[in-house]
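Enquirer: To be precise about what I am sending: the file is called final34.cif and holds mmCIF, C-alpha atoms.
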data_coords
#
loop_
_atom_site.group_PDB
_atom_site.id
_atom_site.type_symbol
_atom_site.label_atom_id
_atom_site.label_comp_id
_atom_site.auth_asym_id
_atom_site.auth_seq_id
_atom_site.Cartn_x
_atom_site.Cartn_y
_atom_site.Cartn_z
ATOM 1 C CA MET X 1 -155.082 96.261 -107.831
ATOM 2 C CA GLU X 2 -155.138 98.805 -110.607
ATOM 3 C CA TYR X 3 -157.466 98.435 -113.592
ATOM 4 C CA LYS X 4 -156.996 100.315 -116.860
ATOM 5 C CA VAL X 5 -159.317 100.499 -119.875
ATOM 6 C CA TYR X 6 -157.969 100.709 -123.433
ATOM 7 C CA ARG X 7 -160.381 101.461 -126.288
ATOM 8 C CA ASP X 8 -160.448 101.236 -130.072
ATOM 9 C CA GLU X 9 -156.989 101.841 -131.554
ATOM 10 C CA ASN X 10 -155.473 102.206 -128.058
ATOM 11 C CA THR X 11 -155.914 98.461 -127.476
ATOM 12 C CA ILE X 12 -152.673 98.020 -129.463
ATOM 13 C CA GLU X 13 -150.801 99.595 -126.521
ATOM 14 C CA LYS X 14 -151.337 96.367 -124.587
ATOM 15 C CA PHE X 15 -150.856 93.991 -127.507
ATOM 16 C CA GLN X 16 -147.533 92.664 -126.182
ATOM 17 C CA PHE X 17 -149.077 91.714 -122.826
ATOM 18 C CA LEU X 18 -152.174 90.166 -124.426
ATOM 19 C CA ALA X 19 -149.991 88.144 -126.820
ATOM 20 C CA GLN X 20 -147.624 87.046 -124.068
ATOM 21 C CA ILE X 21 -150.338 85.890 -121.664
ATOM 22 C CA ARG X 22 -152.228 84.100 -124.462
ATOM 23 C CA LEU X 23 -149.072 82.233 -125.519
ATOM 24 C CA GLU X 24 -148.295 81.258 -121.905
ATOM 25 C CA GLU X 25 -151.773 80.324 -120.689
ATOM 26 C CA PHE X 26 -153.501 78.934 -123.779
ATOM 27 C CA VAL X 27 -150.863 76.242 -124.300
ATOM 28 C CA LYS X 28 -152.571 74.468 -121.379
ATOM 29 C CA PHE X 29 -155.555 72.123 -121.675
ATOM 30 C CA PRO X 30 -158.165 72.515 -123.109
ATOM 31 C CA TYR X 31 -156.810 75.102 -125.585
ATOM 32 C CA LEU X 32 -153.460 73.397 -126.276
ATOM 33 C CA TYR X 33 -152.702 76.433 -128.444
ATOM 34 C CA GLN X 34 -149.161 76.458 -129.782
ATOM 35 C CA GLY X 35 -149.107 79.856 -131.359
ATOM 36 C CA SER X 36 -146.395 82.282 -132.307
ATOM 37 C CA MET X 37 -145.908 86.015 -132.039
ATOM 38 C CA ALA X 38 -146.612 86.269 -135.798
ATOM 39 C CA GLU X 39 -150.016 84.584 -135.274
ATOM 40 C CA GLU X 40 -150.681 86.851 -132.307
ATOM 41 C CA LYS X 41 -149.969 89.918 -134.452
ATOM 42 C CA GLU X 42 -152.569 88.649 -136.905
ATOM 43 C CA TYR X 43 -155.020 88.038 -134.040
ATOM 44 C CA ALA X 44 -154.407 91.584 -132.722
ATOM 45 C CA LYS X 45 -155.953 92.960 -135.922
ATOM 46 C CA GLU X 46 -159.345 91.787 -134.643
ATOM 47 C CA TYR X 47 -159.018 94.446 -131.933
ATOM 48 C CA GLN X 48 -158.277 97.298 -134.317
ATOM 49 C CA VAL X 49 -161.973 97.975 -134.856
ATOM 50 C CA PRO X 50 -164.350 100.614 -133.498
ATOM 51 C CA GLY X 51 -165.752 99.508 -130.153
ATOM 52 C CA ALA X 52 -162.848 97.218 -129.189
ATOM 53 C CA ILE X 53 -161.993 97.245 -125.482
ATOM 54 C CA LEU X 54 -159.140 95.753 -123.522
ATOM 55 C CA ILE X 55 -158.998 96.057 -119.722
ATOM 56 C CA THR X 56 -155.895 95.148 -117.748
ATOM 57 C CA CYS X 57 -155.356 94.504 -114.077
ATOM 58 C CA SER X 58 -151.958 95.196 -112.556
ATOM 59 C CA VAL X 59 -150.308 94.749 -109.178
ATOM 60 C CA ALA X 60 -147.405 97.010 -108.250
ATOM 61 C CA GLY X 61 -147.089 98.073 -111.893
ATOM 62 C CA GLU X 62 -147.020 94.497 -113.260
ATOM 63 C CA ASP X 63 -149.855 93.375 -115.547
ATOM 64 C CA ILE X 64 -151.417 90.202 -114.149
ATOM 65 C CA GLY X 65 -154.710 89.892 -116.038
ATOM 66 C CA VAL X 66 -156.675 91.026 -119.052
ATOM 67 C CA ILE X 67 -160.119 90.914 -120.614
ATOM 68 C CA SER X 68 -160.767 91.821 -124.222
ATOM 69 C CA GLY X 69 -163.690 92.191 -126.566
ATOM 70 C CA TYR X 70 -165.234 93.895 -129.554
ATOM 71 C CA PRO X 71 -168.644 94.253 -131.201
ATOM 72 C CA TYR X 72 -169.682 90.850 -132.544
ATOM 73 C CA GLN X 73 -170.688 92.343 -135.891
ATOM 74 C CA TRP X 74 -166.933 92.395 -136.728
ATOM 75 C CA ASN X 75 -166.998 88.594 -136.299
ATOM 76 C CA GLN X 76 -169.988 88.176 -138.575
ATOM 77 C CA GLY X 77 -169.707 85.447 -141.189
ATOM 78 C CA LYS X 78 -167.611 83.029 -139.102
ATOM 79 C CA SER X 79 -170.537 80.678 -138.498
ATOM 80 C CA ALA X 80 -173.796 80.853 -140.461
ATOM 81 C CA GLU X 81 -175.367 78.260 -138.126
ATOM 82 C CA VAL X 82 -174.605 80.260 -134.981
ATOM 83 C CA GLU X 83 -175.815 83.473 -136.594
ATOM 84 C CA ALA X 84 -179.032 81.764 -137.727
ATOM 85 C CA GLU X 85 -179.615 80.395 -134.213
ATOM 86 C CA LEU X 86 -179.086 83.853 -132.715
ATOM 87 C CA ALA X 87 -181.539 85.302 -135.257
ATOM 88 C CA THR X 88 -184.199 82.706 -134.267
ATOM 89 C CA MET X 89 -183.710 83.921 -130.682
ATOM 90 C CA GLY X 90 -184.484 87.443 -131.869
ATOM 91 C CA ILE X 91 -180.902 88.633 -131.391
ATOM 92 C CA ALA X 92 -179.417 90.949 -134.020
ATOM 93 C CA MET X 93 -175.671 90.910 -134.721
ATOM 94 C CA ASP X 94 -175.290 94.597 -133.843
ATOM 95 C CA GLU X 95 -176.780 93.939 -130.370
ATOM 96 C CA ILE X 96 -173.988 91.526 -129.364
ATOM 97 C CA TYR X 97 -170.622 92.241 -127.773
ATOM 98 C CA TYR X 98 -168.039 89.473 -128.057
ATOM 99 C CA ILE X 99 -165.904 88.882 -124.963
ATOM 100 C CA GLY X 100 -162.726 87.373 -126.388
ATOM 101 C CA GLU X 101 -160.907 86.191 -123.313
ATOM 102 C CA VAL X 102 -160.470 86.655 -119.610
ATOM 103 C CA ILE X 103 -156.937 85.570 -118.705
ATOM 104 C CA LEU X 104 -155.098 85.803 -115.398
ATOM 105 C CA ILE X 105 -151.609 84.748 -114.434
ATOM 106 C CA GLU X 106 -152.155 81.504 -112.528
ATOM 107 C CA LYS X 107 -151.136 82.701 -109.057
ATOM 108 C CA TYR X 108 -153.811 85.435 -109.201
ATOM 109 C CA ARG X 109 -156.733 83.150 -110.055
ATOM 110 C CA ASN X 110 -159.664 82.374 -107.746
ATOM 111 C CA ARG X 111 -159.526 85.819 -106.131
ATOM 112 C CA GLY X 112 -162.466 87.397 -107.959
ATOM 113 C CA ILE X 113 -160.251 89.385 -110.348
ATOM 114 C CA GLY X 114 -161.678 87.698 -113.456
ATOM 115 C CA LYS X 115 -165.218 88.465 -112.281
ATOM 116 C CA GLN X 116 -164.233 92.083 -111.636
ATOM 117 C CA LEU X 117 -162.710 92.392 -115.126
ATOM 118 C CA GLU X 118 -165.862 90.935 -116.693
ATOM 119 C CA LYS X 119 -168.096 93.235 -114.625
ATOM 120 C CA MET X 120 -166.069 96.272 -115.698
ATOM 121 C CA LEU X 121 -166.330 95.288 -119.363
ATOM 122 C CA VAL X 122 -170.079 94.623 -119.150
ATOM 123 C CA ASP X 123 -170.645 97.905 -117.294
ATOM 124 C CA THR X 124 -168.743 99.682 -120.081
ATOM 125 C CA ILE X 125 -170.717 98.130 -122.958
ATOM 126 C CA LYS X 126 -174.249 97.629 -121.618
ATOM 127 C CA LYS X 127 -175.526 101.027 -122.702
ATOM 128 C CA ASP X 128 -174.716 100.169 -126.345
ATOM 129 C CA TYR X 129 -175.270 96.388 -126.495
ATOM 130 C CA LYS X 130 -178.002 94.051 -125.294
ATOM 131 C CA TYR X 131 -176.067 90.762 -125.207
ATOM 132 C CA ALA X 132 -172.635 89.417 -124.315
ATOM 133 C CA LEU X 133 -171.258 86.409 -126.191
ATOM 134 C CA VAL X 134 -168.363 84.162 -125.168
ATOM 135 C CA ILE X 135 -166.889 80.972 -126.527
ATOM 136 C CA THR X 136 -165.332 78.076 -124.643
ATOM 137 C CA VAL X 137 -163.069 75.331 -125.907
ATOM 138 C CA GLU X 138 -164.176 71.799 -125.167
ATOM 139 C CA ARG X 139 -162.473 68.535 -125.939
ATOM 140 C CA SER X 140 -163.820 65.021 -125.623
ATOM 141 C CA LEU X 141 -163.802 63.283 -122.275
ATOM 142 C CA ASP X 142 -161.391 60.704 -123.692
ATOM 143 C CA ASP X 143 -158.948 63.269 -125.111
ATOM 144 C CA PRO X 144 -155.473 61.726 -124.630
ATOM 145 C CA ASP X 145 -154.038 65.028 -123.372
ATOM 146 C CA ARG X 146 -156.757 65.684 -120.816
ATOM 147 C CA PRO X 147 -155.158 65.994 -117.360
ATOM 148 C CA GLU X 148 -156.390 63.519 -114.777
ATOM 149 C CA GLY X 149 -159.279 64.991 -112.814
ATOM 150 C CA TYR X 150 -159.787 67.881 -115.243
ATOM 151 C CA HIS X 151 -163.368 69.229 -115.207
ATOM 152 C CA TYR X 152 -164.823 71.752 -117.628
ATOM 153 C CA LYS X 153 -165.952 74.920 -115.925
ATOM 154 C CA ASN X 154 -169.159 75.401 -117.890
ATOM 155 C CA GLY X 155 -171.044 75.804 -114.643
ATOM 156 C CA LEU X 156 -169.272 79.129 -114.224
ATOM 157 C CA ARG X 157 -170.885 80.379 -117.422
ATOM 158 C CA GLU X 158 -174.312 78.971 -116.562
ATOM 159 C CA GLY X 159 -174.046 80.432 -113.068
ATOM 160 C CA THR X 160 -173.602 83.927 -114.497
ATOM 161 C CA GLY X 161 -176.641 83.795 -116.773
ATOM 162 C CA PHE X 162 -175.084 82.579 -120.022
ATOM 163 C CA LYS X 163 -177.069 80.158 -122.193
ATOM 164 C CA ARG X 164 -175.225 77.676 -124.364
ATOM 165 C CA LEU X 165 -176.263 77.641 -128.016
ATOM 166 C CA LYS X 166 -176.940 74.361 -129.824
ATOM 167 C CA ASN X 167 -174.566 75.205 -132.664
ATOM 168 C CA GLU X 168 -170.797 75.353 -132.303
ATOM 169 C CA ILE X 169 -167.961 76.954 -134.265
ATOM 170 C CA ILE X 170 -164.878 75.197 -135.560
ATOM 171 C CA TYR X 171 -161.585 77.082 -135.555
ATOM 172 C CA HIS X 172 -158.227 75.837 -136.769
ATOM 173 C CA TRP X 173 -155.084 76.507 -134.775
ATOM 174 C CA PRO X 174 -151.768 74.764 -134.069
ATOM 175 C CA VAL X 175 -152.235 72.348 -131.163
ATOM 176 C CA LYS X 176 -149.438 71.100 -128.935
ATOM 177 C CA ARG X 177 -150.071 67.441 -128.205
ATOM 178 C CA LYS X 178 -147.911 64.969 -126.311
ATOM 179 C CA SER X 179 -147.321 63.433 -129.733
ATOM 180 C CA GLY X 180 -146.212 66.760 -131.262
ATOM 181 C CA ILE X 181 -147.563 69.982 -132.749
ATOM 182 C CA ARG X 182 -150.131 69.888 -135.541
ATOM 183 C CA GLU X 183 -152.914 72.022 -136.994
ATOM 184 C CA GLU X 184 -156.297 70.781 -135.723
ATOM 185 C CA GLU X 185 -159.979 71.547 -135.856
ATOM 186 C CA ASN X 186 -161.022 72.895 -132.475
ATOM 187 C CA VAL X 187 -164.684 72.942 -131.480
ATOM 188 C CA VAL X 188 -165.853 75.900 -129.437
ATOM 189 C CA SER X 189 -169.158 76.252 -127.662
ATOM 190 C CA VAL X 190 -170.996 79.547 -127.917
ATOM 191 C CA TRP X 191 -172.669 81.173 -124.929
ATOM 192 C CA VAL X 192 -174.875 84.276 -124.873
ATOM 193 C CA LYS X 193 -176.639 86.272 -122.184
ATOM 194 C CA PRO X 194 -178.608 89.500 -121.912
ATOM 195 C CA ILE X 195 -176.716 92.326 -120.209
#
Render the structure in this file as structure tokens.
Expert:
Amino acid sequence: MEYKVYRDENTIEKFQFLAQIRLEEFVKFPYLYQGSMAEEKEYAKEYQVPGAILITCSVAGEDIGVISGYPYQWNQGKSAEVEAELATMGIAMDEIYYIGEVILIEKYRNRGIGKQLEKMLVDTIKKDYKYALVITVERSLDDPDRPEGYHYKNGLREGTGFKRLKNEIIYHWPVKRKSGIREEENVVSVWVKPI
């Protein structure tokens, strides 16, 4: 396994891989994201900020996983309720680092690679930030597109010290349902932990 860190404007070097893996993996439940390369190019702009980090993992020269993030202050204003809740916890926006995603090609999952990517990112940021923040997509238990036997993996977040906030954020994105593709409101849970 080879890990490589990209920072600030250099994150764009791995944009194609990040976009590709997001389009392939996030179409699955619970994300059901039916994006396009044009939408991914727009999303990539979030990583063109000071403090952005993208770490890849490769095997024999082939990228198989990625973690990304940037200082949460660049996300400020997306949810007044979440920001107010963080403030009541005594957490300032400039103390938080947002971990955008940890994605692995399916055949490389459950080998500890995701944990290693997250550890590398946290080790890189902990001298400058006090908290890590992640979001998870959740859909109702009776969602018609929920695969049989599907269980949310929130225990993974709780088991690594993250605390779920009471408030959630709603994002809009194109969702691929069995009934077709449509723009939907998607509720995400917010998790934070000291680092």
Enquirer: Check which residues satisfy the PyMOL selection byres ((chain X and resi 45) around 12) in the file shown, then give them as a list of chain:residue names.
Expert: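 For this structure, the PyMOL selection byres ((chain X and resi 45) around 12) captures X:Asp8, X:Glu9, X:Thr11, X:Ile12, X:Phe15, X:Ala19, X:Ala38, X:Glu39, X:Glu40, X:Lys41, X:Glu42, X:Tyr43, X:Ala44, X:Glu46, X:Tyr47, X:Gln48, X:Val49, X:Pro50, X:Ala52, X:Tyr70, X:Trp74, X:Asn75.
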Enquirer: For each of X:Ser36, X:Glu81, X:Tyr150, X:Cys57, take the minimum atom-to-atom distance to Lys14 (chain X), counting all atoms listed in the file, then give the residue where this is smallest.
Expert: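 Of all the options, X:Cys57 lies closest to Lys14 (chain X).
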Enquirer: Name the closest residue to Val66 (chain X) among the candidates X:Asp142, X:Glu95, X:Glu83, X:Glu118; distances are taken between atoms, counting all atoms listed in the file.
Expert: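 Comparing X:Asp142, X:Glu95, X:Glu83, X:Glu118 against Val66 (chain X), the winner is X:Glu118.
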Enquirer: Got a sec: who's within 8 Å of Tyr33 (chain X), counting all atoms listed in the file, leaving out chain neighbours fewer than 5 positions off, as JSON, numbers by chain?
Expert: {"X": [23, 26, 27, 28, 173, 174, 175, 176]}
Enquirer: Given only C-alpha atoms as the basis, pick out the residue of X:Arg22, X:Arg182, X:Arg177, X:Lys193 nearest to Val102 (chain X).
Expert: X:Arg22
Enquirer: Using all atoms listed in the file, pick whichever of X:His151, X:Arg7, X:Lys115, X:Arg164 has the shortest atom-to-atom distance to Thr136 (chain X).
Expert: X:Arg164
